[in-house]
Amino acid sequence: MGGRDTDIVLLDENGIRCDGRKVNETRKVTIKAGVLKNANGSAYIEFGDNKILVGVYGPRDVHPKHMSDTDTGILRCRYHMAPFSVGERKNPAPSRREVEISKVIKEALEPAVMLKEFPRTAVDVYMEVLQADGGTRCAALTGASVALADAGIPMRDLVAGCAAGKAADAVILDVNNEEDQAGQADLPIGYMPNLKKITLLQLDGILTPEEYKQCIEIGIDGCNQVYEIQKKALQDKFFANGEKQ
Amino acid sequence: MSSERKRHVIPGEVITSGPYRAEQNTVQVGENIVSTIVGLSDVHDGSVRVIPLTGGYVPKDDDLVIGKIVSHSSLSWTADINSCYVGMLPASDVFGRDYSSSSDDMTAKLAKGDLIAARIVNFDKTRDPLITISGRELGKIDSGELVKISPNKVPRLIGKRGSMIQMIESSTNSQVTIGQNGLLVVSSDDPNGLLKAIQAIELIEEQAHVANLTDQVKEMLESKSE
């Protein structure tokens with residue numbers, strides 16, 4: 001993937017990117033936990049210009065019944081983009097891309113969520129992208145893990161997501177839409193910061209072994225930064241007003 | 001043994017390391033004991049647990065729960081007990097051992113929508129929890145107001161050795177049946193007392209994390225008693 005031709009200067013001579021960030025800087029991330037009343041757990045995340053709402057239901061009865069597993073609970077994820085989330089109207093029917101992202105997010109959350117504690121049940125995670133600007137899968141994953149913690153589903157660790165990539169021949173952190181379209185590579189990472197384990201790793205583009213190592217390194221660094229914000233979101237919701245004796 | 005101060009923890013956070021037993025809502029990861037849930041850590045007598053601040057009700061043997069009958073087969077009723085598992089109430093529990101599906105009418109005793117106070121007899125996650133309504137304080141609930149709170153706040157509502165709930169009951173002249181699953185039935189002959197008891201319960205639900213809550217509730221109960 002050589003990248004699409006573009007007029008945008010992805011990286012200027014001072015090492016500043018098209019949206020004013022440095023190469024190893026993430027976009028501004030804000031997370032709010034517990035925003036929906038009717039869901040068991042929820043979170044709203046803004047990851048730069050990405051805006052995603054996540055609702056978690058469960059553990060609850062599995063329907064259809066044949067999907068239930070007597071040994072363990074099951075995790076079901078739905079990633080969906082609202083028709084108004086992108087410039088041109090997006091057909092609200094689930095696209096091939098959304099099915100793929102739902103699957104990879106489910107697999108990125110599974111190592112963290114302790115579903116064995118609730119056999120014969122299901123945990124449903126609904127991620128609704130309200131506004132997209134590149135890197136929605138990492139943002140959705142980050143929000144989903146906060147919503148799961150908010151729902152009180154036991155987890156070994158939170159999962160933080162952040163992408164690394166390559167644009168204008170430089171390794172960059174947290175790829176935005178322009179850099180994704182015109183850049184050379186995009187490498188989303190899902191990471192459990194306390195267990196120090198990677199749960200999601202995809203690569204679109206071409207990287208040399210050295211660049212790849214560099215991307216992983218700064219990507220994990222980005223995940224750690226995102227993790228601090230996740231932590232704060234949960235602390236704000238549960239521990240903000242008044243201490244228990 | 002020393003007991004450390006309670007600490008706020010989130011999933012993945014290391015509570016302590018060393019020779020401790022990992023109990024409720026914790027896992028051992030190498031040397032460390034890690035929380036799996038948002039809550040308050042409690043290190044006591046060589047064991048570590050986390051008191052949850054969120055999450056649903058998981059049935060436990062001998063718990064008193066309040067349930068709503070949702071359906072019945074020829075041999076048992078199923079009751080919604082505000083959990084991810086439904087309660088199974090065998091017909092023989094109500095009709096006795098000589099129950100016969102052809103001669104006894106199950107809907108005459110308990111119909112769909114009826115509320116029951118039940119006790120969990122047996123639960124091990126491989127099957128739905130078995131419940132019973134034979135026993136003192138158990139059975140069909142005929143009157144009262146149903147109030148729903150978070151199951152995690154039930155211990156707070158009861159208070160130390162029942163102090164909180166006793167205070168509410170005596171000052172509002174009402175009776176509160178507390179299900180461990182977060183469902184409560186409040187009944188009283190005095191409509192004002194009933195309203196005040198419900199208000200007090202709602203206050204506890206909202207302010208569960210605040211220290212000296214008992215004083216606040218007391219103040220609230222007394223303020224409107226003129």
# chains A, B, ... in the order shown; residues from 1 in each chain; ligands from 1

call {"tool": "interface_residues", "arguments": {"of": "chain B", "to": "chain A", "cutoff": "6 Å", "atoms": "only C-alpha atoms", "output": "JSON, numbers by chain"}}
result
{"B": [11, 12, 36, 37, 54, 55, 84, 209, 210, 211]}

call {"tool": "select_by_dssp", "arguments": {"residues": "segment 113-192 of chain A", "states": "strand (DSSP E or B)", "output": "ChimeraX atom specification"}}
result
/A:113,121-131,155,160-167,170-173,185-192

call {"tool": "residues_around", "arguments": {"residues": "segment 171-186 of chain A", "least_positions_apart": "3", "cutoff": "7 Å", "atoms": "only C-alpha atoms", "output": "number ranges by chain"}}
result
A: 1-6, 10, 23-27, 133-135, 162-168, 203-207, 211, 215, 218-219
